[in-house]
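What's in coords-v2.txt: compact mmCIF, C-alpha atoms
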# COMPACT_ATOMS: atom_id res chain seq x y z
CA MET A 1 -49.97 1.22 6.04
CA PHE A 2 -47.86 2.64 8.87
CA ARG A 3 -50.81 4.58 10.26
CA THR A 4 -52.92 1.43 10.29
CA LEU A 5 -50.19 -0.44 12.12
CA MET A 6 -49.83 2.38 14.69
CA ILE A 7 -53.55 2.55 15.44
CA ALA A 8 -53.84 -1.23 15.59
CA SER A 9 -50.85 -1.43 17.95
CA ALA A 10 -52.29 1.21 20.24
CA PHE A 11 -55.60 -0.63 20.57
CA ALA A 12 -53.88 -4.00 20.82
CA LEU A 13 -51.99 -2.69 23.85
CA ALA A 14 -55.02 -1.01 25.41
CA VAL A 15 -57.47 -3.91 25.23
CA PRO A 16 -55.43 -6.55 27.07
CA SER A 17 -54.39 -3.99 29.67
CA VAL A 18 -58.06 -3.40 30.45
CA ALA A 19 -58.63 -7.15 30.69
CA LEU A 20 -55.64 -7.60 32.98
CA ALA A 21 -56.75 -4.81 35.23
CA GLN A 22 -60.20 -6.25 35.64
CA ASP A 23 -58.56 -9.32 37.21
CA HIS A 24 -56.68 -7.20 39.71
CA GLY A 25 -59.58 -6.97 42.10
CA ALA A 26 -59.87 -10.77 42.39
CA HIS A 27 -57.01 -11.08 44.90
CA ASP A 28 -57.85 -13.86 47.34
CA HIS A 29 -57.42 -12.54 50.84
CA ALA A 30 -58.66 -15.79 52.40
CA ALA A 31 -55.25 -17.39 51.88
CA HIS A 32 -53.57 -14.79 54.07
CA ASP A 33 -53.95 -14.31 57.81
CA HIS A 34 -54.53 -10.63 58.39
CA GLY A 35 -56.01 -11.23 61.82
CA ALA A 36 -53.03 -10.09 63.87
CA HIS A 37 -52.56 -6.89 61.94
CA GLU A 38 -56.24 -6.04 61.74
CA MET A 39 -56.46 -6.27 65.56
CA VAL A 40 -54.52 -3.03 65.80
CA GLY A 41 -56.66 -1.34 63.15
CA VAL A 42 -53.94 -1.30 60.52
CA GLU A 43 -54.08 -2.95 57.12
CA ILE A 44 -50.54 -4.15 56.47
CA PRO A 45 -49.99 -4.61 52.74
CA ASP A 46 -49.58 -8.16 51.58
CA GLN A 47 -46.11 -7.68 50.09
CA ASP A 48 -43.19 -10.08 50.43
CA ASP A 49 -40.59 -7.47 51.35
CA ILE A 50 -42.89 -5.93 53.99
CA ARG A 51 -43.61 -9.32 55.56
CA GLU A 52 -39.94 -10.32 55.54
CA ALA A 53 -38.84 -7.02 57.05
CA LEU A 54 -41.41 -7.32 59.85
CA ALA A 55 -40.40 -10.93 60.48
CA ALA A 56 -36.78 -9.76 60.81
CA GLY A 57 -37.81 -7.55 63.72
CA GLY A 58 -38.58 -4.34 61.90
CA SER A 59 -41.09 -1.78 63.13
CA TYR A 60 -44.04 -0.64 61.05
CA VAL A 61 -44.97 2.97 60.26
CA GLY A 62 -48.07 3.84 58.24
CA VAL A 63 -48.03 7.20 56.46
CA GLU A 64 -51.14 8.56 54.79
CA VAL A 65 -50.07 10.85 51.96
CA LEU A 66 -51.98 13.51 50.07
CA GLY A 67 -51.82 13.82 46.28
CA VAL A 68 -50.76 10.25 45.53
CA VAL A 69 -52.74 9.64 42.38
CA CYS A 70 -50.40 7.70 40.11
CA ASP A 71 -47.63 5.14 40.00
CA PHE A 72 -45.04 7.85 39.33
CA CYS A 73 -46.02 9.32 42.70
CA ALA A 74 -45.48 5.93 44.32
CA THR A 75 -42.13 5.55 42.55
CA ALA A 76 -40.96 8.93 43.85
CA MET A 77 -41.66 8.01 47.48
CA ASN A 78 -40.34 4.51 47.05
CA ARG A 79 -37.04 5.80 45.67
CA THR A 80 -36.76 8.55 48.31
CA PHE A 81 -37.28 6.25 51.29
CA SER A 82 -35.44 3.20 49.93
CA ARG A 83 -32.22 5.19 50.03
CA ARG A 84 -32.41 5.63 53.80
CA ASP A 85 -30.30 3.26 55.89
CA GLU A 86 -33.08 3.11 58.49
CA VAL A 87 -35.61 1.68 56.04
CA ALA A 88 -35.93 -2.07 55.48
CA ALA A 89 -38.96 -1.99 53.19
CA VAL A 90 -41.37 0.50 51.68
CA TYR A 91 -44.62 0.10 49.74
CA VAL A 92 -47.05 2.73 48.51
CA ASP A 93 -50.68 1.67 48.08
CA LEU A 94 -52.61 3.92 45.71
CA ASP A 95 -55.96 2.50 46.83
CA THR A 96 -55.48 3.37 50.50
CA LYS A 97 -53.15 6.34 49.76
CA THR A 98 -50.83 4.94 52.39
CA MET A 99 -47.09 4.43 52.37
CA SER A 100 -46.04 1.48 54.51
CA LEU A 101 -42.57 1.74 55.98
CA VAL A 102 -40.75 -0.96 57.87
CA LEU A 103 -37.80 0.38 59.81
CA LYS A 104 -34.88 -1.88 60.59
CA GLU A 105 -34.70 -3.29 64.10
CA GLY A 106 -33.30 -0.66 66.44
CA GLN A 107 -33.67 2.12 63.87
CA ASN A 108 -36.03 5.07 63.92
CA LEU A 109 -37.29 7.87 61.71
CA ASP A 110 -39.17 10.53 63.63
CA ASP A 111 -42.32 12.14 62.26
CA ALA A 112 -40.53 15.35 61.29
CA THR A 113 -37.98 13.45 59.21
CA ILE A 114 -40.67 11.39 57.54
CA GLY A 115 -42.59 14.56 56.73
CA ASP A 116 -39.48 16.15 55.29
CA LEU A 117 -38.70 13.13 53.14
CA VAL A 118 -42.27 13.00 51.82
CA GLU A 119 -41.96 16.66 50.86
CA ARG A 120 -38.67 15.98 49.10
CA ALA A 121 -40.51 13.35 47.10
CA GLY A 122 -42.98 16.08 46.19
CA TYR A 123 -45.97 15.24 48.42
CA LYS A 124 -47.47 15.96 51.81
CA VAL A 125 -48.18 13.84 54.87
CA SER A 126 -51.73 13.57 56.16
CA THR A 127 -51.22 11.28 59.17
CA ILE A 128 -48.51 9.00 60.59
CA THR A 129 -49.42 5.84 62.49
CA ARG A 130 -47.05 3.69 64.52
CA PRO A 131 -49.05 0.68 65.68
CA ASP A 132 -47.55 -1.68 68.21
CA LEU A 133 -47.78 -4.95 66.32
CA THR A 134 -46.10 -6.92 69.10
CA GLU A 135 -49.32 -6.80 71.17
CA ALA A 136 -51.31 -8.26 68.30
CA ASN A 137 -48.70 -10.92 67.59
CA ASP A 138 -48.64 -11.99 71.24
CA ALA A 139 -52.45 -12.19 71.37
CA SER A 140 -52.59 -14.40 68.30
CA MET B 141 -28.75 37.65 -0.45
CA ALA B 142 -31.99 35.96 -1.50
CA ARG B 143 -30.61 32.57 -0.40
CA ARG B 144 -29.64 33.96 2.98
CA MET B 145 -33.05 35.56 3.42
CA SER B 146 -34.83 32.36 2.52
CA ALA B 147 -32.61 30.44 4.94
CA VAL B 148 -33.38 32.91 7.69
CA ALA B 149 -37.07 32.73 6.85
CA ALA B 150 -36.95 28.93 6.92
CA LEU B 151 -35.25 28.94 10.30
CA GLY B 152 -37.68 31.51 11.61
CA LEU B 153 -40.72 29.61 10.39
CA SER B 154 -39.48 26.36 11.84
CA LEU B 155 -38.63 27.92 15.19
CA ALA B 156 -42.02 29.58 15.23
CA THR B 157 -43.75 26.24 14.85
CA TRP B 158 -41.90 24.49 17.62
CA ILE B 159 -43.47 23.48 20.81
CA VAL B 160 -40.59 23.16 23.24
CA ALA B 161 -42.69 22.08 26.14
CA PRO B 162 -42.20 20.28 29.43
CA ALA B 163 -42.34 16.56 29.40
CA LEU B 164 -45.42 14.44 29.29
CA ALA B 165 -44.72 13.30 32.83
CA ARG B 166 -43.42 15.12 35.85
CA PRO B 167 -41.07 17.83 34.59
CA VAL B 168 -39.92 18.08 38.21
CA SER B 169 -39.32 14.71 39.85
CA TYR B 170 -38.31 13.73 43.39
CA GLN B 171 -35.17 15.27 44.84
CA GLY B 172 -32.11 13.55 43.41
CA GLY B 173 -34.01 11.86 40.62
CA TRP B 174 -33.05 11.65 36.95
CA THR B 175 -35.68 11.51 34.21
CA VAL B 176 -35.28 10.76 30.51
CA ILE B 177 -38.03 11.81 28.10
CA GLU B 178 -38.32 11.23 24.37
CA GLU B 179 -41.15 12.90 22.47
CA THR B 180 -42.17 12.67 18.83
CA ASN B 181 -45.25 14.55 17.65
CA ARG B 182 -46.63 15.87 14.38
CA GLN B 183 -43.75 18.35 14.07
CA ASN B 184 -40.78 17.55 16.33
CA THR B 185 -38.66 14.84 17.83
CA SER B 186 -36.93 15.66 21.10
CA VAL B 187 -34.90 14.12 23.88
CA TRP B 188 -34.76 15.72 27.31
CA VAL B 189 -32.76 14.56 30.31
CA HIS B 190 -33.31 16.35 33.60
CA TYR B 191 -32.14 16.16 37.19
CA THR B 192 -34.25 17.33 40.11
CA LEU B 193 -32.23 19.40 42.56
CA ASN B 194 -35.07 19.85 45.02
CA PRO B 195 -38.85 19.33 44.94
CA LYS B 196 -39.27 22.69 43.22
CA LEU B 197 -36.56 22.72 40.55
CA SER B 198 -35.16 20.54 37.80
CA LEU B 199 -32.35 21.31 35.35
CA GLY B 200 -31.77 19.49 32.14
CA ALA B 201 -30.38 19.25 28.63
CA ARG B 202 -32.65 19.20 25.61
CA GLY B 203 -32.21 18.37 21.94
CA GLU B 204 -35.02 18.96 19.44
CA TRP B 205 -35.29 18.28 15.73
CA ASP B 206 -37.91 20.05 13.65
CA ARG B 207 -38.36 17.38 11.04
CA PRO B 208 -40.07 19.27 8.18
CA MET B 209 -37.65 22.20 8.41
CA ASP B 210 -34.54 20.25 9.41
CA VAL B 211 -33.64 22.59 12.25
CA MET B 212 -31.94 21.32 15.38
CA PHE B 213 -32.12 23.00 18.77
CA THR B 214 -29.73 22.05 21.54
CA GLY B 215 -29.62 23.69 24.93
CA GLY B 216 -30.59 23.64 28.56
CA GLN B 217 -33.91 23.94 30.36
CA ALA B 218 -34.89 24.83 33.89
CA THR B 219 -38.33 23.93 35.22
CA TYR B 220 -39.78 25.36 38.43
CA LEU B 221 -42.77 24.00 40.32
CA VAL B 222 -44.66 27.18 41.15
CA ASN B 223 -47.28 25.41 43.22
CA ARG B 224 -48.75 21.99 43.84
CA TRP B 225 -52.23 21.51 45.22
CA PHE B 226 -52.93 18.42 47.24
CA GLY B 227 -56.16 16.71 47.98
CA GLU B 228 -56.97 13.24 49.19
CA ASN B 229 -57.93 12.21 45.68
CA TYR B 230 -56.38 14.76 43.37
CA GLN B 231 -53.22 16.65 42.56
CA GLY B 232 -52.77 19.90 40.64
CA ASN B 233 -49.51 21.43 39.47
CA LEU B 234 -48.37 24.72 38.02
CA TYR B 235 -44.90 24.91 36.46
CA ALA B 236 -42.85 27.63 34.84
CA PHE B 237 -40.02 26.76 32.51
CA ALA B 238 -37.33 28.48 30.49
CA GLY B 239 -34.35 27.51 28.44
CA ALA B 240 -31.69 28.69 26.05
CA GLY B 241 -29.35 27.23 23.51
CA VAL B 242 -28.47 27.16 19.84
CA ALA B 243 -30.67 26.53 16.81
CA GLU B 244 -29.22 25.72 13.40
CA GLY B 245 -30.09 24.15 10.09
CA ILE B 246 -29.15 20.52 9.45
CA ASN B 247 -29.20 18.21 6.40
CA ASP B 248 -30.48 20.33 3.49
CA ASN B 249 -31.19 23.42 5.60
CA PRO B 250 -28.19 25.81 5.36
CA ALA B 251 -29.29 28.15 8.17
CA ASP B 252 -26.42 29.18 10.41
CA ALA B 253 -26.42 28.70 14.16
CA GLU B 254 -28.39 31.29 16.12
CA PHE B 255 -28.93 31.84 19.83
CA ALA B 256 -32.45 30.73 20.84
CA SER B 257 -34.43 30.91 24.06
CA PHE B 258 -37.89 29.97 25.27
CA ALA B 259 -40.17 30.33 28.27
CA GLY B 260 -43.58 29.01 29.19
CA VAL B 261 -46.03 27.62 31.70
CA MET B 262 -47.65 24.28 32.21
CA ALA B 263 -50.57 23.29 34.41
CA ASP B 264 -52.13 19.94 35.08
CA TRP B 265 -54.77 18.42 37.32
CA GLU B 266 -55.41 14.76 37.80
CA THR B 267 -57.21 12.16 39.79
CA ARG B 268 -56.84 8.43 39.36
CA ARG B 269 -59.57 8.59 36.71
CA TRP B 270 -59.24 11.97 34.97
CA PHE B 271 -56.37 14.02 33.61
CA VAL B 272 -56.20 17.47 32.06
CA SER B 273 -53.19 19.61 31.18
CA TYR B 274 -52.31 22.81 29.37
CA THR B 275 -48.95 24.07 28.11
CA ALA B 276 -48.06 27.43 26.56
CA ARG B 277 -44.68 28.51 25.29
CA GLY B 278 -43.06 31.55 23.75
CA PHE B 279 -39.95 31.15 21.63
CA ASP B 280 -37.41 33.77 20.61
CA ALA B 281 -34.60 33.33 18.11
CA GLY B 282 -33.19 36.83 18.30
CA ASP B 283 -33.57 38.75 15.04
CA ILE B 284 -35.02 35.74 13.24
CA ASP B 285 -38.44 35.29 14.79
CA ALA B 286 -40.59 35.12 17.90
CA SER B 287 -43.57 32.82 18.31
CA PHE B 288 -46.22 31.44 20.62
CA ALA B 289 -47.74 27.96 20.72
CA HIS B 290 -49.92 26.04 23.15
CA ARG B 291 -51.65 22.71 23.65
CA GLY B 292 -54.20 21.04 25.86
CA LYS B 293 -54.65 17.39 26.73
CA VAL B 294 -57.51 15.48 28.37
CA GLY B 295 -57.56 11.86 29.38
CA VAL B 296 -59.59 9.22 31.14
CA ALA B 297 -58.52 5.95 32.70
CA PRO B 298 -60.87 3.12 31.65
CA TYR B 299 -59.88 1.31 34.85
CA VAL B 300 -58.08 2.35 38.02
CA GLY B 301 -54.95 0.32 38.79
CA ASN B 302 -52.91 0.02 41.95
CA THR B 303 -49.17 0.29 42.50
CA GLY B 304 -47.23 -1.89 40.12
CA ASP B 305 -50.15 -2.50 37.76
CA LEU B 306 -50.14 -1.59 34.08
CA HIS B 307 -52.01 1.72 33.99
CA THR B 308 -53.86 2.75 30.83
CA TRP B 309 -55.17 6.13 29.80
CA LEU B 310 -57.12 7.19 26.69
CA MET B 311 -56.16 10.74 25.79
CA VAL B 312 -56.63 13.44 23.19
CA GLU B 313 -54.25 16.33 22.63
CA VAL B 314 -55.12 19.49 20.71
CA ASP B 315 -52.28 21.83 19.85
CA HIS B 316 -52.35 25.26 18.24
CA ARG B 317 -49.37 26.67 16.38
CA PRO B 318 -50.57 29.95 14.85
CA ASP B 319 -47.72 30.20 12.34
CA ASN B 320 -48.07 26.68 11.03
CA GLU B 321 -49.76 25.83 7.71
CA ALA B 322 -52.13 23.63 9.71
CA PRO B 323 -52.43 25.65 12.94
CA VAL B 324 -54.58 23.17 14.84
CA GLY B 325 -53.52 19.57 15.41
CA VAL B 326 -55.59 16.82 17.00
CA THR B 327 -53.89 13.67 18.26
CA PRO B 328 -55.68 10.83 20.04
CA MET B 329 -53.38 8.51 21.97
CA VAL B 330 -53.07 5.69 24.44
CA ARG B 331 -50.88 6.21 27.49
CA LEU B 332 -49.47 3.17 29.23
CA PHE B 333 -47.33 3.19 32.32
CA LYS B 334 -45.99 0.73 34.79
CA GLY B 335 -43.65 1.54 37.63
CA ALA B 336 -41.14 4.12 36.44
CA ALA B 337 -41.77 3.74 32.69
CA LEU B 338 -44.38 5.54 30.59
CA VAL B 339 -45.24 5.23 26.89
CA GLU B 340 -47.68 7.20 24.76
CA LEU B 341 -48.70 6.00 21.30
CA GLY B 342 -50.96 8.04 19.09
CA TRP B 343 -51.71 9.39 15.65
CA SER B 344 -52.33 12.96 14.54
CA VAL B 345 -55.58 12.80 12.63
CA THR B 346 -54.95 16.26 11.19
CA ASP B 347 -51.40 15.73 10.00
CA ASP B 348 -51.27 11.97 9.45
CA GLN B 349 -48.19 11.71 11.68
CA PRO B 350 -47.38 9.37 14.57
CA LEU B 351 -47.00 10.37 18.19
CA ILE B 352 -44.50 8.30 20.13
CA ASN B 353 -43.50 9.42 23.62
CA PHE B 354 -41.48 7.65 26.26
CA ALA B 355 -40.36 8.60 29.76
CA TYR B 356 -38.39 6.80 32.43
CA ARG B 357 -37.77 8.00 35.95
CA PHE B 358 -34.54 6.76 37.55

Serialized structure, structure tokens:
Amino acid sequence: MFRTLMIASAFALAVPSVALAQDHGAHDHAAHDHGAHEMVGVEIPDQDDIREALAAGGSYVGVEVLGVVCDFCATAMNRTFSRRDEVAAVYVDLDTKTMSLVLKEGQNLDDATIGDLVERAGYKVSTITRPDLTEANDAS
Amino acid sequence: MARRMSAVAALGLSLATWIVAPALARPVSYQGGWTVIEETNRQNTSVWVHYTLNPKLSLGARGEWDRPMDVMFTGGQATYLVNRWFGENYQGNLYAFAGAGVAEGINDNPADAEFASFAGVMADWETRRWFVSYTARGFDAGDIDASFAHRGKVGVAPYVGNTGDLHTWLMVEVDHRPDNEAPVGVTPMVRLFKGAALVELGWSVTDDQPLINFAYRF
């Protein structure tokens, strides 16, 4: 009886999770204006805290990271960078393998420090991009 | 005399069948991170709490109950990340671990407390679609017994989720405990994780026992 319940529970949890995940790709990008950010060749993640931090005057840093293959990896970097006073928002995208950082207005983290923090999280930096979003915002 | 010998033999047999292995998820976390892991398999139930001092080393406290033999191990464990291989789409890890503590009989097992220690290696390789791992451990309980056990696990993700999604894996674990009555165990399972929490639910088809694992990364 218990074995039957265990097996049934396991499949009951697995099936809806597959169904939910298949809806994940249906995100409607048309409702969001990515034009300004795409002009500088950077895909800014559509996350509330990232948008709010940028709107508050923060500066964006894109960090491509090697070895980010699971949500635990994302959690590690999220927790490591969230603790920094310089950081207003952080988001790790497993699809693009990019960590998006928004630094508070007037604050900075140099590339060496970012690389060190990524290593403390257990990973390795591939590239760091610091696009000037003010140009794109002015043009739009 | 005979009772003492049978108690020693019972303790030795139970210690020999243990797999005191690193956690199902990240035995070394990010620097400054705490992780709590509970594992229940066809033989043991354990709780392990560890703290990561730096990206290479975690230290923790472990308690393990061998259910059939009613033997409890309590002690510490250190886990060292020997190497991590990075690729754009994959990650591989090699860990070494060791620990020491006390093992003793509980409930109906009269075995006295004995010093116990263990050491082993764990390796894993994963992409966002495939997972494979291997763990081997040697256990020594002084004059009582010494043993070796190992296990391998393979898994596939039926879909690939992004950050914050509910991730699902279908996995099978095969373990080999040479001194056990049933040396080989086969346990299919479902792994679910979201954010910092991970759950594995399975059933040992060889032993008719549940597998229930949980991990949370603070």

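Atom CA of Leu66 of chain A lies 13.5 Å from atom CA of Asn233 of chain B.
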
Hey, which bits of chain B sit within 7 Å of chain A, and for each residue what's the closest pair of atoms and how far apart in Å (one decimal), counting all atoms listed in the file, rows by chain and increasing number, as JSON lines?
{"residue": "B:Tyr170", "atom": "CA", "partner": "A:Ala121", "partner_atom": "CA", "distance": 4.3}
{"residue": "B:Gln171", "atom": "CA", "partner": "A:Arg120", "partner_atom": "CA", "distance": 5.6}
{"residue": "B:Asn194", "atom": "CA", "partner": "A:Arg120", "partner_atom": "CA", "distance": 6.7}
{"residue": "B:Pro195", "atom": "CA", "partner": "A:Arg120", "partner_atom": "CA", "distance": 5.3}
{"residue": "B:Phe226", "atom": "CA", "partner": "A:Gly67", "partner_atom": "CA", "distance": 4.8}
{"residue": "B:Gly227", "atom": "CA", "partner": "A:Gly67", "partner_atom": "CA", "distance": 5.5}
{"residue": "B:Glu228", "atom": "CA", "partner": "A:Leu66", "partner_atom": "CA", "distance": 5.1}
{"residue": "B:Asn229", "atom": "CA", "partner": "A:Gly67", "partner_atom": "CA", "distance": 6.3}
{"residue": "B:Tyr230", "atom": "CA", "partner": "A:Gly67", "partner_atom": "CA", "distance": 5.5}
{"residue": "B:Gln231", "atom": "CA", "partner": "A:Gly67", "partner_atom": "CA", "distance": 4.9}
{"residue": "B:Thr267", "atom": "CA", "partner": "A:Val69", "partner_atom": "CA", "distance": 5.7}
{"residue": "B:Arg268", "atom": "CA", "partner": "A:Val69", "partner_atom": "CA", "distance": 5.2}
{"residue": "B:Tyr299", "atom": "CA", "partner": "A:Val18", "partner_atom": "CA", "distance": 6.7}
{"residue": "B:Gly301", "atom": "CA", "partner": "A:Ala21", "partner_atom": "CA", "distance": 6.5}
{"residue": "B:Asn302", "atom": "CA", "partner": "A:Leu94", "partner_atom": "CA", "distance": 5.4}
{"residue": "B:Thr303", "atom": "CA", "partner": "A:Asp71", "partner_atom": "CA", "distance": 5.7}
{"residue": "B:Leu306", "atom": "CA", "partner": "A:Ser17", "partner_atom": "CA", "distance": 6.6}
{"residue": "B:Thr308", "atom": "CA", "partner": "A:Ala14", "partner_atom": "CA", "distance": 6.7}
{"residue": "B:Val330", "atom": "CA", "partner": "A:Ala10", "partner_atom": "CA", "distance": 6.2}
{"residue": "B:Gly335", "atom": "CA", "partner": "A:Asp71", "partner_atom": "CA", "distance": 5.9}
{"residue": "B:Ala336", "atom": "CA", "partner": "A:Phe72", "partner_atom": "CA", "distance": 6.1}
{"residue": "B:Leu341", "atom": "CA", "partner": "A:Ala10", "partner_atom": "CA", "distance": 6.1}

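You will find atom CA of Asp319 of chain B at 29.0 Å from atom CA of Val339 of chain B.
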
| note | Of B:Tyr191, B:Phe333, B:Trp205, B:Phe288, the one nearest to Ile246 of chain B when counting only C-alpha atoms is B:Trp205

| Could you name the residues that touch Met212 of chain B at 7 Å or less, counting all atoms listed in the file, but leaving out those on the same chain fewer than 3 positions away, as number ranges by chain? | B: 204-206, 243-246

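If you count only C-alpha atoms and ignore residues fewer than 5 places along the chain from Ala238 of chain B, what sits within 6 Å of it is Gln217, Ala218, Phe258 and Ala259 of chain B.
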
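Going from atom CA of Gly200 of chain B to atom CA of Ala355 of chain B covers 14.1 Å.
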
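For the residues B:Val345, B:Thr214, B:Gly241, B:Ser169, ranking by smallest atom-to-atom distance to Trp188 of chain B using all atoms listed in the file places B:Thr214 first.
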
| With distances taken over only C-alpha atoms, which of B:Val324, B:Val294, B:Ala337, B:Ala201 is nearest to Ser186 of chain B? | B:Ala201

| field | Pick from B:Val168, B:Ala256, B:Val296, B:Ile352 nearest to Phe237 of chain B, counting all atoms listed in the file | value | B:Val168

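In terms of minimum interatomic distance to Thr185 of chain B, B:Met209 ranks closest within B:Met209, B:Val272, B:Val314, B:Ala286, counting only C-alpha atoms.
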
| message | With all atoms listed in the file as the counted atoms, please give the residues lying no more than 10 Å from Trp270 of chain B, apart from itself and same-chain residues fewer than 5 positions off, as an MDAnalysis selection string. | response | chainID B and resid 230 265 294:298 309:311

| field | Polymer residues at most 6 Å from Val63 of chain A, only C-alpha atoms, same-chain spacing of 4 or more positions, as an NGL selection string | value | :A and (98-99 or 127-128)

| Neighbours of point (-38.2, -1.5, 55.0) within 12 Å, using only C-alpha atoms, written as number ranges by chain | A: 47-62, 78-79, 81-92, 99-105, 107-109

| Which of B:Arg182, B:Trp225, B:Arg317, B:Gly173 sits closest to Asp348 of chain B [using all atoms listed in the file] | B:Arg182

Incomplete segment 216-237 of chain B filled out to N, CA and C atoms as a short mmCIF file (atom, residue, chain, number, x, y, z; two decimals), in the coordinates of the input:
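Output (selection_6.cif):
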data_model
loop_
_atom_site.label_atom_id
_atom_site.label_comp_id
_atom_site.auth_asym_id
_atom_site.auth_seq_id
_atom_site.Cartn_x
_atom_site.Cartn_y
_atom_site.Cartn_z
N GLY B 216 -30.20 24.03 27.22
CA GLY B 216 -30.59 23.64 28.56
C GLY B 216 -31.99 24.15 28.89
N GLN B 217 -32.59 23.53 29.91
CA GLN B 217 -33.91 23.94 30.36
C GLN B 217 -34.00 23.85 31.87
N ALA B 218 -34.59 24.84 32.47
CA ALA B 218 -34.89 24.83 33.89
C ALA B 218 -36.40 24.82 34.05
N THR B 219 -36.90 24.01 34.96
CA THR B 219 -38.33 23.93 35.22
C THR B 219 -38.57 24.12 36.71
N TYR B 220 -39.50 25.02 37.04
CA TYR B 220 -39.78 25.36 38.43
C TYR B 220 -41.23 25.03 38.76
N LEU B 221 -41.42 24.30 39.84
CA LEU B 221 -42.77 24.00 40.32
C LEU B 221 -43.28 25.20 41.12
N VAL B 222 -44.15 25.97 40.50
CA VAL B 222 -44.66 27.18 41.15
C VAL B 222 -45.54 26.81 42.34
N ASN B 223 -46.42 25.85 42.12
CA ASN B 223 -47.28 25.41 43.22
C ASN B 223 -47.84 24.05 42.91
N ARG B 224 -48.09 23.30 43.96
CA ARG B 224 -48.75 21.99 43.84
C ARG B 224 -49.89 21.98 44.84
N TRP B 225 -51.06 21.60 44.36
CA TRP B 225 -52.23 21.51 45.22
C TRP B 225 -52.50 20.05 45.54
N PHE B 226 -52.68 19.78 46.80
CA PHE B 226 -52.93 18.42 47.24
C PHE B 226 -54.35 18.25 47.72
N GLY B 227 -54.92 17.10 47.37
CA GLY B 227 -56.16 16.71 47.98
C GLY B 227 -56.06 15.23 48.24
N GLU B 228 -57.03 14.68 48.92
CA GLU B 228 -56.97 13.24 49.19
C GLU B 228 -56.99 12.46 47.88
N ASN B 229 -57.74 12.97 46.91
CA ASN B 229 -57.93 12.21 45.68
C ASN B 229 -57.48 12.93 44.41
N TYR B 230 -56.79 14.04 44.56
CA TYR B 230 -56.38 14.76 43.37
C TYR B 230 -55.04 15.45 43.60
N GLN B 231 -54.44 15.86 42.50
CA GLN B 231 -53.22 16.65 42.56
C GLN B 231 -53.24 17.64 41.41
N GLY B 232 -52.88 18.87 41.68
CA GLY B 232 -52.77 19.90 40.64
C GLY B 232 -51.40 20.52 40.70
N ASN B 233 -50.86 20.88 39.54
CA ASN B 233 -49.51 21.43 39.47
C ASN B 233 -49.47 22.64 38.53
N LEU B 234 -48.65 23.59 38.89
CA LEU B 234 -48.37 24.72 38.02
C LEU B 234 -46.85 24.86 37.92
N TYR B 235 -46.34 24.80 36.70
CA TYR B 235 -44.90 24.91 36.46
C TYR B 235 -44.60 26.12 35.58
N ALA B 236 -43.41 26.64 35.75
CA ALA B 236 -42.85 27.63 34.84
C ALA B 236 -41.53 27.08 34.33
N PHE B 237 -41.27 27.30 33.05
CA PHE B 237 -40.02 26.76 32.51
C PHE B 237 -39.37 27.76 31.56
#
